[in-house]
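Asks: Below is run36.pdb; it holds PDB, C-alpha atoms and all ligand atoms.
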ATOM      1  CA  MET A 156       1.751   1.212 -27.830
ATOM      2  CA  ILE A 157       1.489   1.013 -24.071
ATOM      3  CA  LYS A 158      -1.849  -0.313 -22.916
ATOM      4  CA  ARG A 159      -3.420   1.819 -20.246
ATOM      5  CA  PHE A 160      -6.347   1.373 -17.962
ATOM      6  CA  LEU A 161      -8.525   4.006 -16.511
ATOM      7  CA  ILE A 162      -9.066   3.036 -12.919
ATOM      8  CA  ASP A 163     -12.048   4.690 -11.380
ATOM      9  CA  PRO A 164     -11.712   4.659  -7.601
ATOM     10  CA  VAL A 165     -15.375   3.771  -7.232
ATOM     11  CA  PHE A 166     -16.282   1.644 -10.229
ATOM     12  CA  GLY A 167     -12.991  -0.057 -11.017
ATOM     13  CA  ILE A 168     -11.645  -0.259 -14.537
ATOM     14  CA  ALA A 169     -13.529   1.836 -17.061
ATOM     15  CA  PRO A 170     -15.183   0.128 -20.028
ATOM     16  CA  PRO A 171     -13.063  -0.246 -23.162
ATOM     17  CA  GLY A 172     -13.566   2.553 -25.622
ATOM     18  CA  LEU A 173     -13.790   5.249 -22.993
ATOM     19  CA  VAL A 174     -12.018   8.241 -24.497
ATOM     20  CA  LEU A 175     -10.002  10.593 -22.333
ATOM     21  CA  PRO A 176     -10.256  14.349 -22.723
ATOM     22  CA  PRO A 177      -7.205  15.808 -24.545
ATOM     23  CA  ARG A 178      -5.625  17.272 -21.406
ATOM     24  CA  GLU A 179      -5.653  13.877 -19.655
ATOM     25  CA  ARG A 180      -4.451  12.137 -22.819
ATOM     26  CA  ALA A 181      -1.483  14.493 -22.887
ATOM     27  CA  ALA A 182      -0.836  14.029 -19.182
ATOM     28  CA  ALA A 183      -0.838  10.276 -19.678
ATOM     29  CA  ALA A 184       1.757  10.340 -22.431
ATOM     30  CA  PRO A 185       4.546   7.769 -21.990
ATOM     31  CA  GLY A 186       7.355   9.042 -19.831
ATOM     32  CA  GLN A 187       5.223  11.604 -18.063
ATOM     33  CA  GLY A 188       4.079  11.129 -14.528
ATOM     34  CA  ARG A 189       5.110   8.124 -12.476
ATOM     35  CA  ASP A 190       2.516   5.572 -11.658
ATOM     36  CA  GLY A 191      -0.694   7.345 -12.370
ATOM     37  CA  VAL A 192      -2.159  10.701 -13.187
ATOM     38  CA  SER A 193      -5.153  11.976 -11.308
ATOM     39  CA  THR A 194      -7.866  13.203 -13.614
ATOM     40  CA  GLY A 195      -9.997  14.542 -10.837
ATOM     41  CA  PHE A 196     -12.361  11.600 -11.246
ATOM     42  CA  ALA A 197      -9.965   8.756 -11.714
ATOM     43  CA  HIS A 198      -6.363   7.600 -11.834
ATOM     44  CA  LEU A 199      -4.565   6.514 -14.937
ATOM     45  CA  VAL A 200      -2.535   3.420 -14.217
ATOM     46  CA  GLU A 201      -0.233   1.630 -16.587
ATOM     47  CA  PRO A 202      -0.384  -2.150 -16.395
ATOM     48  CA  GLY A 203       2.115  -3.213 -13.777
ATOM     49  CA  ALA A 204       2.442   0.343 -12.543
ATOM     50  CA  VAL A 205       1.143   0.293  -9.024
ATOM     51  CA  ASP A 206       1.415   3.321  -6.776
ATOM     52  CA  LEU A 207       3.940   2.217  -4.154
ATOM     53  CA  SER A 208       4.809   5.719  -2.978
ATOM     54  CA  HIS A 209       4.100   4.901   0.667
ATOM     55  CA  GLY A 210       6.187   1.730   0.691
ATOM     56  CA  VAL A 211       3.172  -0.519   1.260
ATOM     57  CA  ILE A 212       2.244  -3.033  -1.411
ATOM     58  CA  LEU A 213      -0.778  -4.608   0.236
ATOM     59  CA  TYR A 214      -3.124  -3.217   2.824
ATOM     60  CA  LEU A 215      -6.082  -5.159   4.111
ATOM     61  CA  GLU A 216      -8.452  -3.202   6.297
ATOM     62  CA  ASP A 217     -11.244  -4.704   8.381
ATOM     63  CA  ILE A 218     -11.858  -7.540   5.938
ATOM     64  CA  THR A 219     -14.756  -9.765   6.944
ATOM     65  CA  VAL A 220     -15.811 -12.893   5.071
ATOM     66  CA  SER A 221     -18.737 -14.988   6.303
ATOM     67  CA  PHE A 222     -19.826 -18.425   5.200
ATOM     68  CA  ASP A 223     -23.365 -19.109   6.400
ATOM     69  CA  GLY A 224     -22.894 -16.806   9.348
ATOM     70  CA  PHE A 225     -19.468 -18.233  10.269
ATOM     71  CA  LYS A 226     -16.744 -15.599  10.028
ATOM     72  CA  ALA A 227     -13.736 -17.055   8.204
ATOM     73  CA  LEU A 228     -12.191 -13.576   8.323
ATOM     74  CA  ASP A 229     -13.226 -11.203  11.054
ATOM     75  CA  LYS A 230     -12.151  -7.597  10.536
ATOM     76  CA  LEU A 231      -8.708  -8.695   9.366
ATOM     77  CA  THR A 232      -6.247  -5.811   9.086
ATOM     78  CA  LEU A 233      -2.773  -6.402   7.693
ATOM     79  CA  ALA A 234      -0.096  -4.441   5.814
ATOM     80  CA  ILE A 235       2.757  -5.829   3.693
ATOM     81  CA  ASP A 236       5.684  -3.597   2.746
ATOM     82  CA  VAL A 237       7.192  -3.372  -0.715
ATOM     83  CA  GLY A 238       9.848  -6.089  -1.080
ATOM     84  CA  GLU A 239       8.878  -7.762   2.173
ATOM     85  CA  LEU A 240       8.869 -11.509   2.736
ATOM     86  CA  ARG A 241       6.016 -12.101   5.180
ATOM     87  CA  CYS A 242       5.106 -15.457   6.672
ATOM     88  CA  ILE A 243       1.570 -16.184   7.765
ATOM     89  CA  ILE A 244       0.995 -18.999  10.207
ATOM     90  CA  GLY A 245      -1.998 -20.141  12.205
ATOM     91  CA  PRO A 246      -3.931 -23.296  13.005
ATOM     92  CA  ASN A 247      -6.136 -25.045  10.456
ATOM     93  CA  GLY A 248      -9.198 -22.979   9.670
ATOM     94  CA  ALA A 249      -7.592 -19.704  10.814
ATOM     95  CA  GLY A 250      -8.515 -18.048   7.503
ATOM     96  CA  LYS A 251      -5.127 -18.057   5.740
ATOM     97  CA  THR A 252      -6.344 -19.414   2.410
ATOM     98  CA  THR A 253      -9.494 -17.302   2.603
ATOM     99  CA  MET A 254      -7.267 -14.245   2.976
ATOM    100  CA  MET A 255      -5.476 -15.184  -0.259
ATOM    101  CA  ASP A 256      -8.858 -15.757  -1.921
ATOM    102  CA  VAL A 257      -9.839 -12.197  -1.031
ATOM    103  CA  ILE A 258      -6.563 -10.717  -2.284
ATOM    104  CA  THR A 259      -6.879 -12.501  -5.621
ATOM    105  CA  GLY A 260     -10.560 -11.651  -6.073
ATOM    106  CA  LYS A 261     -11.754 -15.254  -5.808
ATOM    107  CA  THR A 262     -13.814 -14.407  -2.741
ATOM    108  CA  ARG A 263     -15.541 -11.080  -2.214
ATOM    109  CA  PRO A 264     -15.484  -9.849   1.367
ATOM    110  CA  ASP A 265     -18.726  -8.853   3.085
ATOM    111  CA  SER A 266     -16.988  -5.699   4.223
ATOM    112  CA  GLY A 267     -13.571  -4.097   4.389
ATOM    113  CA  ARG A 268     -11.071  -2.911   1.831
ATOM    114  CA  ALA A 269      -8.020  -4.461   0.203
ATOM    115  CA  PHE A 270      -5.544  -2.118  -1.434
ATOM    116  CA  PHE A 271      -2.769  -3.045  -3.828
ATOM    117  CA  GLY A 272      -0.440  -0.084  -3.575
ATOM    118  CA  GLN A 273      -2.134   3.197  -2.788
ATOM    119  CA  THR A 274      -4.870   3.205  -5.357
ATOM    120  CA  LEU A 275      -6.114  -0.194  -6.498
ATOM    121  CA  ASP A 276      -9.008  -1.524  -4.439
ATOM    122  CA  LEU A 277      -8.827  -5.253  -5.085
ATOM    123  CA  THR A 278     -12.370  -5.819  -3.852
ATOM    124  CA  ARG A 279     -13.567  -3.982  -6.975
ATOM    125  CA  LEU A 280     -11.411  -5.786  -9.528
ATOM    126  CA  SER A 281     -11.932  -9.138 -11.232
ATOM    127  CA  GLU A 282      -9.534 -12.046 -10.752
ATOM    128  CA  ALA A 283      -8.075 -11.405 -14.206
ATOM    129  CA  GLN A 284      -7.581  -7.711 -13.522
ATOM    130  CA  ILE A 285      -5.843  -8.500 -10.234
ATOM    131  CA  ALA A 286      -3.470 -10.971 -11.893
ATOM    132  CA  HIS A 287      -2.841  -8.393 -14.583
ATOM    133  CA  ALA A 288      -2.062  -5.723 -11.994
ATOM    134  CA  GLY A 289       0.804  -7.908 -10.726
ATOM    135  CA  ILE A 290      -0.400 -10.381  -8.110
ATOM    136  CA  GLY A 291       0.618 -13.990  -8.726
ATOM    137  CA  ARG A 292      -0.673 -16.908  -6.700
ATOM    138  CA  LYS A 293       0.734 -20.348  -6.184
ATOM    139  CA  PHE A 294      -1.739 -22.974  -5.048
ATOM    140  CA  GLN A 295      -0.593 -26.004  -3.092
ATOM    141  CA  LYS A 296      -0.807 -28.541  -5.902
ATOM    142  CA  PRO A 297       1.634 -27.999  -8.760
ATOM    143  CA  THR A 298      -0.125 -27.537 -12.096
ATOM    144  CA  VAL A 299       2.588 -27.769 -14.719
ATOM    145  CA  PHE A 300       2.091 -29.115 -18.246
ATOM    146  CA  GLY A 301       3.534 -32.603 -17.768
ATOM    147  CA  GLN A 302       3.868 -33.456 -21.460
ATOM    148  CA  HIS A 303       5.920 -30.364 -22.198
ATOM    149  CA  THR A 304       9.529 -29.667 -21.357
ATOM    150  CA  VAL A 305      10.543 -27.394 -18.504
ATOM    151  CA  PHE A 306      11.601 -24.760 -21.051
ATOM    152  CA  GLU A 307       8.280 -24.971 -22.895
ATOM    153  CA  ASN A 308       6.364 -24.559 -19.640
ATOM    154  CA  LEU A 309       8.160 -21.277 -18.988
ATOM    155  CA  GLU A 310       7.678 -20.231 -22.598
ATOM    156  CA  LEU A 311       3.937 -20.896 -22.377
ATOM    157  CA  ALA A 312       3.706 -18.945 -19.127
ATOM    158  CA  MET A 313       5.400 -15.988 -20.778
ATOM    159  CA  LYS A 314       3.164 -16.119 -23.830
ATOM    160  CA  THR A 315      -0.024 -16.306 -21.811
ATOM    161  CA  ASP A 316       1.016 -13.141 -20.001
ATOM    162  CA  LYS A 317      -1.662 -10.790 -21.273
ATOM    163  CA  ARG A 318       0.681  -7.824 -20.925
ATOM    164  CA  VAL A 319       2.984  -9.233 -23.574
ATOM    165  CA  ARG A 320       1.519  -9.066 -27.015
ATOM    166  CA  CYS A 321       2.870 -12.150 -28.689
ATOM    167  CA  SER A 322       1.458 -15.176 -30.385
ATOM    168  CA  LEU A 323       1.787 -18.677 -29.013
ATOM    169  CA  PHE A 324       3.398 -19.575 -32.333
ATOM    170  CA  ALA A 325       5.774 -16.656 -32.533
ATOM    171  CA  GLU A 326       9.504 -17.353 -32.417
ATOM    172  CA  LEU A 327      11.231 -16.367 -29.206
ATOM    173  CA  ASP A 328      13.654 -13.502 -29.508
ATOM    174  CA  ASP A 329      16.980 -13.285 -27.648
ATOM    175  CA  GLN A 330      15.466 -11.203 -24.879
ATOM    176  CA  ASP A 331      12.768 -13.836 -24.260
ATOM    177  CA  ARG A 332      15.391 -16.591 -24.195
ATOM    178  CA  ASP A 333      17.461 -14.620 -21.695
ATOM    179  CA  ARG A 334      14.439 -14.163 -19.437
ATOM    180  CA  ILE A 335      13.711 -17.875 -19.522
ATOM    181  CA  ALA A 336      17.382 -18.672 -18.838
ATOM    182  CA  ASP A 337      17.377 -16.302 -15.838
ATOM    183  CA  VAL A 338      14.285 -17.920 -14.373
ATOM    184  CA  LEU A 339      15.677 -21.423 -15.019
ATOM    185  CA  ARG A 340      18.765 -20.504 -12.988
ATOM    186  CA  LEU A 341      16.703 -18.970 -10.200
ATOM    187  CA  ILE A 342      14.560 -22.077  -9.802
ATOM    188  CA  ARG A 343      17.626 -24.319 -10.154
ATOM    189  CA  LEU A 344      16.281 -26.129 -13.189
ATOM    190  CA  ASP A 345      18.851 -24.858 -15.686
ATOM    191  CA  GLY A 346      20.194 -28.385 -16.069
ATOM    192  CA  GLN A 347      16.684 -29.740 -16.726
ATOM    193  CA  ALA A 348      15.409 -27.335 -19.401
ATOM    194  CA  GLN A 349      14.714 -30.049 -21.971
ATOM    195  CA  ARG A 350      13.314 -32.549 -19.513
ATOM    196  CA  GLN A 351       9.614 -33.401 -19.617
ATOM    197  CA  ALA A 352       7.979 -31.570 -16.711
ATOM    198  CA  GLY A 353       5.945 -34.628 -15.752
ATOM    199  CA  LEU A 354       9.177 -36.440 -14.889
ATOM    200  CA  LEU A 355      10.361 -33.867 -12.341
ATOM    201  CA  SER A 356      10.238 -34.525  -8.600
ATOM    202  CA  HIS A 357       7.382 -32.972  -6.622
ATOM    203  CA  GLY A 358       9.698 -30.227  -5.353
ATOM    204  CA  GLN A 359      11.024 -29.461  -8.835
ATOM    205  CA  LYS A 360       7.462 -29.206 -10.164
ATOM    206  CA  GLN A 361       6.707 -26.702  -7.406
ATOM    207  CA  TRP A 362       9.769 -24.681  -8.424
ATOM    208  CA  LEU A 363       8.744 -24.822 -12.062
ATOM    209  CA  GLU A 364       5.331 -23.494 -11.175
ATOM    210  CA  ILE A 365       6.952 -20.674  -9.209
ATOM    211  CA  GLY A 366       9.118 -20.042 -12.285
ATOM    212  CA  MET A 367       5.973 -19.871 -14.429
ATOM    213  CA  LEU A 368       4.588 -17.230 -12.075
ATOM    214  CA  LEU A 369       7.876 -15.326 -12.264
ATOM    215  CA  MET A 370       7.659 -15.214 -16.055
ATOM    216  CA  GLN A 371       4.706 -12.879 -15.532
ATOM    217  CA  GLU A 372       6.872 -10.602 -13.375
ATOM    218  CA  PRO A 373       4.459 -10.244 -10.466
ATOM    219  CA  ARG A 374       5.085  -7.571  -7.868
ATOM    220  CA  LEU A 375       3.381  -9.611  -5.165
ATOM    221  CA  LEU A 376       3.570 -13.390  -4.891
ATOM    222  CA  LEU A 377       1.145 -15.337  -2.721
ATOM    223  CA  LEU A 378       2.342 -18.820  -1.844
ATOM    224  CA  ASP A 379       0.011 -21.184  -0.002
ATOM    225  CA  GLU A 380       1.909 -24.007   1.714
ATOM    226  CA  PRO A 381       4.663 -24.097  -0.918
ATOM    227  CA  VAL A 382       6.851 -26.714   0.800
ATOM    228  CA  ALA A 383       4.128 -29.218   1.692
ATOM    229  CA  GLY A 384       5.317 -32.638   0.487
ATOM    230  CA  MET A 385       8.880 -31.487  -0.205
ATOM    231  CA  THR A 386      11.972 -33.248   1.115
ATOM    232  CA  ASP A 387      14.038 -31.397   3.726
ATOM    233  CA  GLU A 388      16.613 -30.512   1.113
ATOM    234  CA  GLU A 389      14.001 -29.205  -1.332
ATOM    235  CA  THR A 390      12.478 -27.190   1.507
ATOM    236  CA  GLU A 391      15.841 -25.571   2.253
ATOM    237  CA  ARG A 392      16.387 -24.776  -1.436
ATOM    238  CA  THR A 393      12.909 -23.231  -1.565
ATOM    239  CA  ALA A 394      13.733 -20.955   1.365
ATOM    240  CA  GLU A 395      16.889 -19.853  -0.471
ATOM    241  CA  LEU A 396      14.817 -19.176  -3.593
ATOM    242  CA  PHE A 397      12.293 -17.052  -1.680
ATOM    243  CA  LEU A 398      15.070 -15.123   0.053
ATOM    244  CA  SER A 399      16.570 -14.359  -3.344
ATOM    245  CA  LEU A 400      13.190 -13.153  -4.661
ATOM    246  CA  ALA A 401      12.448 -10.858  -1.706
ATOM    247  CA  GLY A 402      13.275  -7.238  -2.382
ATOM    248  CA  LYS A 403      12.597  -7.521  -6.077
ATOM    249  CA  HIS A 404       9.182  -8.988  -5.342
ATOM    250  CA  SER A 405       7.012  -8.927  -2.233
ATOM    251  CA  LEU A 406       6.090 -12.364  -0.929
ATOM    252  CA  VAL A 407       3.339 -13.602   1.356
ATOM    253  CA  VAL A 408       4.018 -17.178   2.378
ATOM    254  CA  VAL A 409       1.514 -19.327   4.255
ATOM    255  CA  GLU A 410       3.144 -22.351   5.891
ATOM    256  CA  HIS A 411       2.879 -24.786   8.767
ATOM    257  CA  ASP A 412       6.562 -25.851   8.523
ATOM    258  CA  MET A 413       8.299 -23.893  11.306
ATOM    259  CA  ALA A 414      11.848 -24.862  10.283
ATOM    260  CA  PHE A 415      11.125 -23.334   6.879
ATOM    261  CA  ILE A 416       9.659 -20.175   8.441
ATOM    262  CA  LYS A 417      12.714 -19.906  10.666
ATOM    263  CA  GLN A 418      15.004 -20.093   7.648
ATOM    264  CA  LEU A 419      13.042 -17.330   5.910
ATOM    265  CA  GLY A 420      13.627 -15.192   8.976
ATOM    266  CA  GLY A 421      11.149 -12.387   8.248
ATOM    267  CA  LYS A 422       8.198 -10.993  10.133
ATOM    268  CA  VAL A 423       5.583 -13.579  11.069
ATOM    269  CA  THR A 424       1.854 -12.926  11.371
ATOM    270  CA  VAL A 425      -0.234 -15.395  13.343
ATOM    271  CA  LEU A 426      -3.843 -15.654  12.216
ATOM    272  CA  HIS A 427      -6.508 -17.121  14.452
ATOM    273  CA  GLU A 428     -10.259 -17.134  13.912
ATOM    274  CA  GLY A 429      -9.945 -14.765  10.997
ATOM    275  CA  ARG A 430      -7.907 -12.047  12.667
ATOM    276  CA  VAL A 431      -4.329 -11.226  13.588
ATOM    277  CA  LEU A 432      -3.442 -12.781  16.915
ATOM    278  CA  ALA A 433       0.241 -11.817  17.027
ATOM    279  CA  GLU A 434       2.931 -10.365  14.808
ATOM    280  CA  GLY A 435       6.726 -10.167  15.103
ATOM    281  CA  ASP A 436       9.798 -12.319  14.589
ATOM    282  CA  LEU A 437       9.294 -16.062  14.869
ATOM    283  CA  ALA A 438      10.867 -16.388  18.331
ATOM    284  CA  SER A 439       8.663 -13.679  19.813
ATOM    285  CA  VAL A 440       5.409 -15.049  18.409
ATOM    286  CA  GLN A 441       6.370 -18.600  19.431
ATOM    287  CA  ASN A 442       6.850 -17.371  23.006
ATOM    288  CA  ASP A 443       3.604 -15.427  23.020
ATOM    289  CA  PRO A 444       1.264 -17.136  25.544
ATOM    290  CA  ARG A 445      -1.780 -16.444  23.325
ATOM    291  CA  VAL A 446      -0.104 -18.187  20.402
ATOM    292  CA  ILE A 447       0.929 -21.151  22.555
ATOM    293  CA  GLU A 448      -2.638 -21.426  23.846
ATOM    294  CA  VAL A 449      -4.086 -21.422  20.321
ATOM    295  CA  TYR A 450      -1.687 -24.070  19.033
ATOM    296  CA  LEU A 451      -1.815 -26.338  22.091
ATOM    297  CA  GLY A 452      -5.486 -25.809  22.727
ATOM    298  CA  ARG A 453      -6.704 -27.101  19.410
TER
HETATM  299  N1  LIG B   1     -16.252 -21.904   0.553
HETATM  300  C1  LIG B   1     -16.403 -22.099   1.871
HETATM  301  N2  LIG B   1     -17.615 -22.403   2.389
HETATM  302  C2  LIG B   1     -17.780 -22.585   3.718
HETATM  303  N3  LIG B   1     -16.793 -22.489   4.623
HETATM  304  C3  LIG B   1     -15.563 -22.200   4.162
HETATM  305  C4  LIG B   1     -15.297 -21.983   2.771
HETATM  306  N4  LIG B   1     -13.985 -21.700   2.628
HETATM  307  C5  LIG B   1     -13.445 -21.742   3.857
HETATM  308  N5  LIG B   1     -14.387 -22.035   4.783
HETATM  309  C6  LIG B   1     -14.184 -22.132   6.224
HETATM  310  O1  LIG B   1     -13.510 -20.949   6.623
HETATM  311  C7  LIG B   1     -12.561 -21.241   7.626
HETATM  312  C8  LIG B   1     -11.204 -20.747   7.173
HETATM  313  O2  LIG B   1     -10.744 -21.613   6.128
HETATM  314  P1  LIG B   1      -9.334 -21.428   5.431
HETATM  315  O3  LIG B   1      -9.281 -22.451   4.358
HETATM  316  O4  LIG B   1      -9.156 -20.026   5.067
HETATM  317  O5  LIG B   1      -8.343 -21.807   6.619
HETATM  318  P2  LIG B   1      -6.757 -21.991   6.579
HETATM  319  O6  LIG B   1      -6.209 -21.084   7.620
HETATM  320  O7  LIG B   1      -6.260 -21.848   5.206
HETATM  321  O8  LIG B   1      -6.609 -23.500   7.090
HETATM  322  P3  LIG B   1      -5.522 -24.631   6.673
HETATM  323  O9  LIG B   1      -4.302 -24.356   7.505
HETATM  324  O10 LIG B   1      -6.203 -25.896   7.082
HETATM  325  O11 LIG B   1      -5.290 -24.540   5.198
HETATM  326  C9  LIG B   1     -12.625 -22.750   7.862
HETATM  327  O12 LIG B   1     -13.446 -22.983   8.987
HETATM  328  C10 LIG B   1     -13.265 -23.262   6.599
HETATM  329  O13 LIG B   1     -13.979 -24.451   6.852
HETATM  330 MG    MG B   2      -5.347 -23.109   3.827
END
Turn this file's structure into structure tokens for me.
Replies:
Amino acid sequence: MIKRFLIDPVFGIAPPGLVLPPRERAAAAPGQGRDGVSTGFAHLVEPGAVDLSHGVILYLEDITVSFDGFKALDKLTLAIDVGELRCIIGPNGAGKTTMMDVITGKTRPDSGRAFFGQTLDLTRLSEAQIAHAGIGRKFQKPTVFGQHTVFENLELAMKTDKRVRCSLFAELDDQDRDRIADVLRLIRLDGQAQRQAGLLSHGQKQWLEIGMLLMQEPRLLLLDEPVAGMTDEETERTAELFLSLAGKHSLVVVEHDMAFIKQLGGKVTVLHEGRVLAEGDLASVQNDPRVIEVYLGR
């Protein structure tokens, strides 16, 4: 049975047990409709089925977050396209991590809206609901299970995916093994599957954690300073990995490493004092006098 959620545009996900009228139940039958069916009061959304009909996966509008009167985000407006690989740069304290906190529901904005696809207002969903809807976040410090093998880490990540109904003790089927093998190849750890994760290099642990996120098949990946502490070679491999993920996933990458951003080659957004200062390709934002002022003036 496909699990479905009733997303009310005002109140978020409806309480469990809410029964749909027969007409809506019929309209929501598997295979009918695309991403959601309007009931007049609400949209029916399958887990993982986000309305991407306008080609935008994330839209932040006038997001403001204050800490004791200080505005970490100040009417931040930003749109990320489906499949895009966007880099976010900006000096320390610009609000980059706070922006990710808002997207993932960790921080509630004072005002503004944050849409995932056309219909899901992230400011009204819990952190768990947001993860479930398909947003995966990688924090700076790798958090892999050091005592377990690389393979087991990926297996655990798959089994803790709430969308997949399977027991931690259930045997993997061939399809599961294939998925793990695919991810192992992507993160270049296919030769290390049986190695204890704690013995991996810092860069490899970061890749494993990205692999663990990928097991949950997120539509949008948020990566906060993913190459901090990596060697130059690991950094280059990471850029290749992200380039291979773009298109299938949308990625928002926060980084200070300009060589890495250059290799990624996508659109760059410069944040400063909680708002967008400049946006464009790396060369154009690096030549923007306002950006130079902000970086040199700090
Ligand atoms: N929980 C909090 N309480 C108070 N102030 C906070 C909190 N979180 C962030 N801030 C402040 O908000 C501002 C933005 O912080 P944020 O961590 O988003 O910046 P950043 O762009 O990620 O910086 P960095 O490049 O150093 O990681 C900073 O001035 C920070 O001190
Ligand atoms: Mg930060």
Asks: Using all atoms listed in the file, which residue out of A:Tyr214, A:Phe225, A:Phe300, A:Phe397 lies closest to ligand LIG 1 (chain B)?
Replies: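 Comparing A:Tyr214, A:Phe225, A:Phe300, A:Phe397 against ligand LIG 1 (chain B), the winner is A:Phe225.
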Asks: So which residues get picked by the PyMOL selection byres (((not hetatm)) within 7 of (chain B and resi 1)) here, written as a list in words?
Replies: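 In the shown coordinates, the PyMOL selection byres (((not hetatm)) within 7 of (chain B and resi 1)) covers Phe222, Ala227, Gly245, Pro246, Asn247, Gly248, Ala249, Gly250, Lys251, Thr252, Thr253 and Met254 of chain A.
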Asks: Using all atoms listed in the file, find the one residue out of A:Ser439, A:Thr304, A:Ser266, A:Gln295 that sits nearest to ligand MG 2 (chain B).
Replies: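 Among A:Ser439, A:Thr304, A:Ser266, A:Gln295, it is A:Gln295 that comes nearest to ligand MG 2 (chain B).
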Asks: Given the choices A:Ile335, A:Ala204, A:Leu280, A:Cys242, which gets closest to A:Arg374 if the distance is worked out from only C-alpha atoms?
Replies: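 The shortest atom-to-atom distance to A:Arg374 comes from A:Ala204.
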Asks: For the file shown, report as a list in words the outcome of the PyMOL selection byres (((chain A and resi 261) around 12) and not hetatm) at residue level.
Replies: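 For this structure, the PyMOL selection byres (((chain A and resi 261) around 12) and not hetatm) captures Val220, Thr252, Thr253, Met254, Met255, Asp256, Val257, Ile258, Thr259, Gly260, Thr262, Arg263, Pro264, Leu277, Thr278, Arg279, Leu280, Ser281, Glu282, Ala283, Gln284, Ile285, Ala286 and Arg292 of chain A.
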Asks: Determine the residue set returned by the PyMOL selection byres (((chain A and resi 383) around 12) and not hetatm) for the present structure, and present it as a PyMOL selection string.
Replies: chain A and resi 294-297+357-358+361+378-382+384-387+389-390+393+409-413+415
Asks: Provide the atom CA of A:Ile290 to atom CA of A:Leu377 distance in Å, to one decimal place.
Replies: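 These atoms are spaced 7.5 Å apart.
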Asks: Compare A:Gly224, A:Gly421, A:Gly402, A:Gly272 by their minimum atom-to-atom distance to A:Asp436, counting only C-alpha atoms, and give me the closest one.
Replies: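 The answer is A:Gly421, which sits nearest to A:Asp436.
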Asks: What's the separation between atom CA of A:Glu395 and atom CA of A:Gly420, in Å to one decimal place?
Replies: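 A separation of 11.0 Å between them.
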Asks: One decimal, in Å: what's the spacing between atom CA of A:Ser221 and atom CA of A:Glu428?
Replies: 11.6 Å
Asks: Return the single residue from A:Leu327, A:Ile243, A:Gln418, A:Val211 that is closest to ligand MG 2 (chain B), with distances computed using all atoms listed in the file.
Replies: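 Distance minimum relative to ligand MG 2 (chain B) lands on A:Ile243.
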Asks: Using all atoms listed in the file, determine which residues lie at most 12 Å from A:Arg332, disregarding the query and same-chain residues fewer than 6 positions distant; provide the list as a ChimeraX atom specification.
Replies: /A:306-307,309-310,313,326,338-339,348,370
Asks: Would you export the selected residues with C-alpha atoms as a PDB file, keeping the file's coordinate frame, please?
Replies:
ATOM      1  CA  PHE A 306      11.601 -24.760 -21.051  1.00  0.00           C
ATOM      2  CA  GLU A 307       8.280 -24.971 -22.895  1.00  0.00           C
ATOM      3  CA  LEU A 309       8.160 -21.277 -18.988  1.00  0.00           C
ATOM      4  CA  GLU A 310       7.678 -20.231 -22.598  1.00  0.00           C
ATOM      5  CA  MET A 313       5.400 -15.988 -20.778  1.00  0.00           C
ATOM      6  CA  GLU A 326       9.504 -17.353 -32.417  1.00  0.00           C
ATOM      7  CA  VAL A 338      14.285 -17.920 -14.373  1.00  0.00           C
ATOM      8  CA  LEU A 339      15.677 -21.423 -15.019  1.00  0.00           C
ATOM      9  CA  ALA A 348      15.409 -27.335 -19.401  1.00  0.00           C
ATOM     10  CA  MET A 370       7.659 -15.214 -16.055  1.00  0.00           C
TER      11      MET A 370
END
Asks: Which residue, A:Arg445, A:His427, A:Lys417, A:Lys403, has the smallest gap to A:Gly238 when you use only C-alpha atoms?
Replies: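 When distances to A:Gly238 are compared using only C-alpha atoms, the smallest one comes from A:Lys403.
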Asks: Please enclose the listed atoms of stretch 432-442 of chain A in an axis-aligned box, pad each side by 8 Å, and write out the centre and the three edge lengths in Å, rounded to one decimal, as AutoDock Vina command-line options.
Replies:
--center_x 3.7 --center_y -14.4 --center_z 18.8 --size_x 30.3 --size_y 24.4 --size_z 24.4
Asks: Using all atoms listed in the file, list the residues that have an atom at most 6 Å from (-8.8, -5.5, 4.8), coordinates as in the file, as a PyMOL selection string.
Replies: chain A and resi 215-218+231-232+267-269
Asks: Can you fill out stretch 409-415 of chain A with N, CA and C atoms and hand it back as a PDB file, in the frame of the given file?
Replies:
ATOM      1  N   VAL A 409       2.269 -18.612   3.225  1.00  0.00           N
ATOM      2  CA  VAL A 409       1.514 -19.327   4.255  1.00  0.00           C
ATOM      3  C   VAL A 409       2.164 -20.696   4.442  1.00  0.00           C
ATOM      4  N   GLU A 410       2.521 -21.035   5.644  1.00  0.00           N
ATOM      5  CA  GLU A 410       3.144 -22.351   5.891  1.00  0.00           C
ATOM      6  C   GLU A 410       2.884 -22.854   7.304  1.00  0.00           C
ATOM      7  N   HIS A 411       2.940 -24.173   7.436  1.00  0.00           N
ATOM      8  CA  HIS A 411       2.879 -24.786   8.767  1.00  0.00           C
ATOM      9  C   HIS A 411       4.278 -25.233   9.201  1.00  0.00           C
ATOM     10  N   ASP A 412       5.218 -25.307   8.254  1.00  0.00           N
ATOM     11  CA  ASP A 412       6.562 -25.851   8.523  1.00  0.00           C
ATOM     12  C   ASP A 412       7.430 -24.775   9.201  1.00  0.00           C
ATOM     13  N   MET A 413       7.618 -24.936  10.519  1.00  0.00           N
ATOM     14  CA  MET A 413       8.299 -23.893  11.306  1.00  0.00           C
ATOM     15  C   MET A 413       9.796 -23.795  10.996  1.00  0.00           C
ATOM     16  N   ALA A 414      10.421 -24.918  10.621  1.00  0.00           N
ATOM     17  CA  ALA A 414      11.848 -24.862  10.283  1.00  0.00           C
ATOM     18  C   ALA A 414      12.034 -23.987   9.037  1.00  0.00           C
ATOM     19  N   PHE A 415      11.112 -24.130   8.112  1.00  0.00           N
ATOM     20  CA  PHE A 415      11.125 -23.334   6.879  1.00  0.00           C
ATOM     21  C   PHE A 415      10.927 -21.852   7.210  1.00  0.00           C
TER      22      PHE A 415
END
